[in-house]
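Step one of this worksheet: look at the structure below.
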Amino acid sequence: MSWRALTAHRLRSFLTLLGIAVGIAAVILLTSIGEGLHRFVLAEFTQFGTNVIGITPGKTMTGGANPGFPSSVRPLTLADALALRRVPQVLQVTPGVTGNAEVEGNGRLRRVMVYGTTPTLIDAFKLRIRSGQFLPLDDPDSARNFVVLGAKLQRELFGVASPLGARLRVGSMQFRVIGVLEARGQFLGIDLDDMAYIPAARALELFNRDGLMEINLSYAEGANANQVADAAKAVLAARHGREDFTLVTQADMLRTLSNILDVLTMAVAALGSISLLVGGVGIVTIMTIAVAERTAEIGLLVALGARRATVLRLFLGEAVVLSAAGGLLGLVIGITLAQALRLVVPALPVQTPPMFIVLAEGVALVIGLAAGVLPARRAARLDPVEALRAE
């Protein structure tokens with residue numbers, strides 16, 4: 001009877017379920033984009049491995065030291081990096097100094113990011129050499145003026161010609177090209193292929209810096225990140241006399257980042273759910289109109305012996321069928337739009353988790369149930385004599 005009541009007014013029923021369908025489609029599309037961005041950002045952070053601890057100069061937490069206590073921050077040095085190699089379970093220690101400088105070679109000039117590091121970078125961050133070699137194992141304090149080019153920087157300066165052995169000016173210093181890296185793409189908006197890699201000591205000199213900008217530790221698989229972090233903290237605190245640095249494990253960073261992205265995804269879903277609310281209001285409106293139109297029918301049903309609970313389920317069934325059908329249509333539309341968006345814009349990550357599909361349909365059913373309660377109760381409470389008089 002519920003189904004016949006809906007098919008008797010096909011256009012009205014379709015327009016009503018379309019309100020739910022649009023809401024579900026909006027939620028599916030927006031959450032698919034949000035979840036895709038979530039996975040993309042996490043993949044960006046983990047492309048160099050998950051067993052990484054980052055150390056930066058300066059303490060980010062507020063302390064309670066006496067006002068007369070020295071407040072100057074001791075910079076991180078190459079000697080600090082060497083000392084951290086003794087920490088148990090640590091495999092690679094990679095110091096880093098970043099800056100922007102003009103790079104001139106083969107008669108061409110570009111301004112790119114220059115990264116000062118050590119030979120451990122190649123293993124710690126899983127980089128690959130396309131030609132030549134990476135920075136050699138020199139004394140960190142007196143490393144030779146060698147430079148390794150990213151794939152894009154090599155192509156822009158030298159084209160198809162081999163740059164190995166060529167002289168290159170980086171800022172105010174001269175370097176010799178000894179290698180070219182395989183293309184790696186971007187990392188959080190930074191083009192890793194459009195960079196020049198030089199020894200950390202030379203970068204400190206080039207950018208006139210007193211200390212390193214960061215030290216990254218790579219530790220063994222299966223090792224406890226907190227234990228490694230505590231050991232590294234103890235080594236540096238002993239060298240500096242106090243804890244004037246910040247140490248962050250990648251697990252902590254990923255956990256915080258994941259929480260932020262989860263909130264973003266839920267916020268995006270909440271925006272889409274506004275359409276669902278509108279669809280729910282539409283169901284309430286249509287079901288209220290249906291009760292008014294079918295007052296005599298309800299009176300006849302009750303007069304013939306139908307229980308009030310039966311009348312209640314009848315109208316609730318109509319509301320739930322409308323919302324369920326709208327939910328299924330919305331899922332089809334939303335998933336289709338998400339896949340079409342992936343094809344049209346391949347760079348935009350779009351992912352629709354099955355959990356979201358089940359949850360969206362469940363929400364549609366709940367909305368239909370909630371929207372149909374008031375009209376259904378009104379129908380069930382009608383007096384059969386007064387209802388029959390409505391004819």
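If you're wondering about the labels, chains in the structure tokens are A, B, ... by order shown, residues count from 1 in each chain, ligands from 1 in order shown.
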
- Message: Neighbouring residues of Ala360 (chain A) were defined as those with any atom within 9 Å, considering only C-alpha atoms; residues of the same chain fewer than 5 positions away were excluded. Please report them as a list of chain:residue names.
- Response: A:Ile24, A:Val27, A:Ile28, A:Gly327, A:Leu331, A:Met355, A:Leu365

Output of the above residues as a compact mmCIF listing (two decimals), in the first residue's frame, restricted to N, CA, C and O atoms:
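The result, stored in out13.txt:
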# COMPACT_ATOMS: atom_id res chain seq x y z
N ILE A 24 22.69 13.49 -0.49
CA ILE A 24 23.61 12.35 -0.39
C ILE A 24 24.74 12.48 -1.41
O ILE A 24 25.91 12.22 -1.11
N VAL A 27 27.23 15.01 -0.14
CA VAL A 27 28.05 14.46 0.94
C VAL A 27 29.08 13.48 0.40
O VAL A 27 30.26 13.52 0.78
N ILE A 28 28.67 12.58 -0.49
CA ILE A 28 29.59 11.59 -1.06
C ILE A 28 30.71 12.28 -1.84
O ILE A 28 31.90 11.94 -1.69
N GLY A 327 18.40 8.03 -1.27
CA GLY A 327 19.78 7.75 -0.87
C GLY A 327 20.52 6.93 -1.91
O GLY A 327 21.68 7.23 -2.24
N LEU A 331 23.75 8.10 -4.00
CA LEU A 331 25.01 7.35 -4.03
C LEU A 331 25.51 7.17 -5.45
O LEU A 331 26.70 7.35 -5.74
N MET A 355 32.93 2.70 3.85
CA MET A 355 32.26 3.09 5.09
C MET A 355 31.39 4.32 4.88
O MET A 355 30.29 4.42 5.44
N LEU A 365 18.16 6.83 5.54
CA LEU A 365 17.06 6.08 6.16
C LEU A 365 16.61 6.74 7.46
O LEU A 365 15.41 6.84 7.75

- Task: Step one, run DSSP on the backbone; step two, keep only residues of region 129-370 of chain A assigned to strand (DSSP E); then write them as JSON, numbers by chain.
- Result: {"A": [129, 130, 131, 132, 146, 147, 148, 149, 167, 168, 169, 170, 173, 174, 175, 176, 177, 178, 179, 180, 181, 186, 187, 190, 191, 195, 196, 197, 198, 199, 214, 215, 216, 217, 218, 219, 245, 246, 247, 248, 249]}

- Might you pull out every residue within 7 Å of region 214-219 of chain A, with only C-alpha atoms counted and same-chain residues fewer than 4 positions away left off, and present them as a VMD selection string? chain A and resid 51 to 56 81 89 to 97 124 223

Using all heavy atoms, can you write the selected residues to a file as a short mmCIF file (atom, residue, chain, number, x, y, z; two decimals), in the first residue's frame?
data_model
loop_
_atom_site.label_atom_id
_atom_site.label_comp_id
_atom_site.auth_asym_id
_atom_site.auth_seq_id
_atom_site.Cartn_x
_atom_site.Cartn_y
_atom_site.Cartn_z
N ASN A 51 59.96 5.94 9.69
CA ASN A 51 60.87 5.85 10.84
C ASN A 51 61.83 7.03 10.85
O ASN A 51 63.04 6.89 10.66
CB ASN A 51 61.65 4.53 10.80
CG ASN A 51 60.74 3.33 10.87
OD1 ASN A 51 59.63 3.42 11.37
ND2 ASN A 51 61.21 2.21 10.38
N VAL A 52 61.26 8.21 11.03
CA VAL A 52 62.06 9.44 10.97
C VAL A 52 61.75 10.30 12.19
O VAL A 52 60.60 10.42 12.61
CB VAL A 52 61.77 10.24 9.68
CG1 VAL A 52 62.56 11.54 9.66
CG2 VAL A 52 62.07 9.41 8.45
N ILE A 53 62.79 10.87 12.76
CA ILE A 53 62.66 11.83 13.87
C ILE A 53 63.32 13.13 13.45
O ILE A 53 64.47 13.13 12.98
CB ILE A 53 63.32 11.29 15.15
CG1 ILE A 53 62.64 10.00 15.62
CG2 ILE A 53 63.28 12.34 16.26
CD1 ILE A 53 63.32 9.34 16.80
N GLY A 54 62.59 14.21 13.57
CA GLY A 54 63.13 15.51 13.18
C GLY A 54 63.53 16.33 14.40
O GLY A 54 62.81 16.37 15.40
N ILE A 55 64.69 16.97 14.32
CA ILE A 55 65.19 17.81 15.41
C ILE A 55 65.45 19.20 14.85
O ILE A 55 66.13 19.35 13.83
CB ILE A 55 66.49 17.24 16.01
CG1 ILE A 55 66.29 15.79 16.45
CG2 ILE A 55 66.96 18.09 17.19
CD1 ILE A 55 67.57 15.10 16.89
N THR A 56 64.90 20.21 15.50
CA THR A 56 65.11 21.60 15.09
C THR A 56 65.61 22.41 16.28
O THR A 56 65.31 22.08 17.44
CB THR A 56 63.80 22.22 14.58
OG1 THR A 56 62.78 22.06 15.55
CG2 THR A 56 63.36 21.56 13.28
N ALA A 81 75.34 16.40 14.89
CA ALA A 81 74.89 15.33 14.00
C ALA A 81 75.80 14.10 14.12
O ALA A 81 75.33 12.96 14.15
CB ALA A 81 74.85 15.83 12.56
N GLN A 89 70.02 2.10 17.67
CA GLN A 89 68.95 1.91 16.69
C GLN A 89 68.92 2.98 15.60
O GLN A 89 68.12 2.87 14.66
CB GLN A 89 67.57 1.86 17.38
CG GLN A 89 67.39 0.79 18.45
CD GLN A 89 67.44 -0.61 17.86
OE1 GLN A 89 67.09 -0.83 16.71
NE2 GLN A 89 67.89 -1.57 18.66
N VAL A 90 69.74 4.00 15.69
CA VAL A 90 69.76 5.03 14.65
C VAL A 90 70.59 4.53 13.47
O VAL A 90 71.74 4.11 13.63
CB VAL A 90 70.33 6.36 15.19
CG1 VAL A 90 70.62 7.32 14.04
CG2 VAL A 90 69.35 6.99 16.15
N LEU A 91 70.02 4.58 12.28
CA LEU A 91 70.70 4.11 11.08
C LEU A 91 71.37 5.25 10.31
O LEU A 91 72.51 5.12 9.86
CB LEU A 91 69.70 3.40 10.15
CG LEU A 91 68.97 2.19 10.74
CD1 LEU A 91 67.99 1.63 9.72
CD2 LEU A 91 69.96 1.13 11.17
N GLN A 92 70.65 6.35 10.16
CA GLN A 92 71.18 7.48 9.39
C GLN A 92 70.92 8.78 10.14
O GLN A 92 69.85 8.95 10.74
CB GLN A 92 70.52 7.56 8.00
CG GLN A 92 70.59 6.31 7.17
CD GLN A 92 71.99 6.01 6.67
OE1 GLN A 92 72.88 6.86 6.72
NE2 GLN A 92 72.20 4.79 6.18
N VAL A 93 71.88 9.67 10.10
CA VAL A 93 71.72 11.01 10.66
C VAL A 93 71.95 12.00 9.52
O VAL A 93 73.03 12.03 8.92
CB VAL A 93 72.72 11.28 11.80
CG1 VAL A 93 72.54 12.70 12.34
CG2 VAL A 93 72.53 10.26 12.92
N THR A 94 70.93 12.78 9.21
CA THR A 94 70.99 13.66 8.04
C THR A 94 70.78 15.11 8.44
O THR A 94 69.64 15.52 8.73
CB THR A 94 69.92 13.26 7.01
OG1 THR A 94 70.01 11.87 6.75
CG2 THR A 94 70.10 14.03 5.71
N PRO A 95 71.83 15.91 8.50
CA PRO A 95 71.67 17.34 8.77
C PRO A 95 71.11 18.05 7.55
O PRO A 95 71.26 17.56 6.41
CB PRO A 95 73.08 17.80 9.09
CG PRO A 95 73.96 16.84 8.37
CD PRO A 95 73.25 15.53 8.35
N GLY A 96 70.48 19.18 7.75
CA GLY A 96 69.91 19.91 6.63
C GLY A 96 70.00 21.41 6.79
O GLY A 96 69.77 21.95 7.87
N VAL A 97 70.36 22.08 5.70
CA VAL A 97 70.39 23.55 5.63
C VAL A 97 69.75 23.93 4.30
O VAL A 97 70.19 23.48 3.24
CB VAL A 97 71.82 24.11 5.69
CG1 VAL A 97 71.77 25.63 5.68
CG2 VAL A 97 72.56 23.60 6.90
N ALA A 124 68.71 7.71 3.58
CA ALA A 124 67.67 8.06 4.56
C ALA A 124 66.34 8.39 3.90
O ALA A 124 65.28 8.03 4.40
CB ALA A 124 68.14 9.23 5.41
N ALA A 223 62.02 -0.60 15.88
CA ALA A 223 62.53 0.08 17.06
C ALA A 223 61.46 0.98 17.65
O ALA A 223 60.59 1.50 16.94
CB ALA A 223 63.77 0.90 16.71
#

- Skip Ala338 (chain A) itself and residues of its chain fewer than 3 positions away, then list as a VMD selection string all residues within 12 Å of it, counting only C-alpha atoms. chain A and resid 25 to 36 330 to 335 341 to 346 348 to 353

- Message: Just want the 9 Å neighbourhood of Ala325 (chain A), counted on only C-alpha atoms, with same-chain residues fewer than 3 positions away dropped. Output as a count of residues only.
- Response: 11

Name all residues at most 12 Å from Met113 (chain A) (count only C-alpha atoms; drop same-chain ones fewer than 6 positions away) and give them as a compact mmCIF listing (two decimals) with N, CA and C atoms, in the first residue's frame.
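out.txt written:
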# COMPACT_ATOMS: atom_id res chain seq x y z
N VAL A 97 70.36 22.08 5.70
CA VAL A 97 70.39 23.55 5.63
C VAL A 97 69.75 23.93 4.30
N THR A 98 68.70 24.73 4.35
CA THR A 98 67.97 25.09 3.13
C THR A 98 68.07 26.58 2.88
N GLY A 99 68.19 26.93 1.60
CA GLY A 99 68.22 28.32 1.21
C GLY A 99 67.90 28.48 -0.26
N ASN A 100 67.76 29.70 -0.69
CA ASN A 100 67.44 29.99 -2.08
C ASN A 100 68.61 30.75 -2.69
N ALA A 101 69.06 30.32 -3.86
CA ALA A 101 70.24 30.95 -4.46
C ALA A 101 70.18 30.85 -5.98
N GLU A 102 70.93 31.72 -6.63
CA GLU A 102 71.06 31.64 -8.09
C GLU A 102 72.03 30.53 -8.45
N VAL A 103 71.65 29.76 -9.45
CA VAL A 103 72.50 28.69 -9.95
C VAL A 103 72.78 28.98 -11.41
N LEU A 149 72.51 17.57 -8.89
CA LEU A 149 71.36 18.29 -9.43
C LEU A 149 70.10 17.43 -9.42
N GLY A 150 68.96 18.09 -9.19
CA GLY A 150 67.68 17.43 -9.40
C GLY A 150 67.43 17.26 -10.88
N LEU A 153 66.28 20.52 -12.70
CA LEU A 153 67.34 21.53 -12.76
C LEU A 153 68.38 21.14 -13.80
N VAL A 170 76.90 28.44 -7.63
CA VAL A 170 75.76 28.45 -6.72
C VAL A 170 75.96 29.62 -5.78
N GLY A 171 75.14 30.64 -5.94
CA GLY A 171 75.34 31.86 -5.17
C GLY A 171 76.67 32.48 -5.52
N ILE A 190 56.89 21.54 -2.73
CA ILE A 190 58.30 21.80 -3.04
C ILE A 190 58.75 20.84 -4.13
N ASP A 191 59.25 21.37 -5.21
CA ASP A 191 59.70 20.54 -6.33
C ASP A 191 61.09 19.99 -6.01
N LEU A 192 61.15 18.72 -5.65
CA LEU A 192 62.43 18.10 -5.29
C LEU A 192 63.35 17.95 -6.49
N ASP A 193 62.78 18.01 -7.70
CA ASP A 193 63.60 17.86 -8.91
C ASP A 193 64.23 19.17 -9.36
N ASP A 194 63.78 20.28 -8.77
CA ASP A 194 64.32 21.58 -9.14
C ASP A 194 65.18 22.12 -8.00
N MET A 195 66.05 21.26 -7.48
CA MET A 195 66.90 21.61 -6.34
C MET A 195 68.34 21.23 -6.63
N ALA A 196 69.24 21.91 -5.94
CA ALA A 196 70.66 21.57 -5.98
C ALA A 196 71.08 21.10 -4.59
N TYR A 197 71.82 20.00 -4.52
CA TYR A 197 72.23 19.41 -3.25
C TYR A 197 73.74 19.58 -3.09
N ILE A 198 74.13 20.26 -2.01
CA ILE A 198 75.54 20.52 -1.77
C ILE A 198 75.88 20.08 -0.35
N ALA A 203 76.93 24.79 2.57
CA ALA A 203 75.67 25.54 2.64
C ALA A 203 75.69 26.52 3.81
N PHE A 207 75.14 30.44 2.95
CA PHE A 207 74.02 31.21 3.49
C PHE A 207 74.37 31.96 4.77

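In this model, the gap between CA of Ala309 (chain A) and CA of Val373 (chain A) comes to 12.0 Å.
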
- What is the CA of Leu247 (chain A)-CA of Leu84 (chain A) distance in Å, reported with one decimal?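 It comes out at 12.7 Å.
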
- Item | Test item, helix (DSSP H, G or I) assignment across region 106-236 of chain A, answer as a PyMOL selection string | chain A and resi 121-124+140-142+151-158+192-194+200-206+225-236

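Closest approach to Leu261 (chain A) among A:Leu314, A:Leu37, A:Val363, A:Leu168 is made by A:Leu37 (distances from only C-alpha atoms).
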
- What lies within 7 Å of Ala231 (chain A) using only C-alpha atoms, ignoring chain neighbours under 4 positions off, as a PyMOL selection string? chain A and resi 87+227+235

- Message: Nearest residue to Gly299 (chain A) out of A:Leu369, A:Ala380, A:Leu11, A:Val278, using only C-alpha atoms?
- Response: A:Ala380
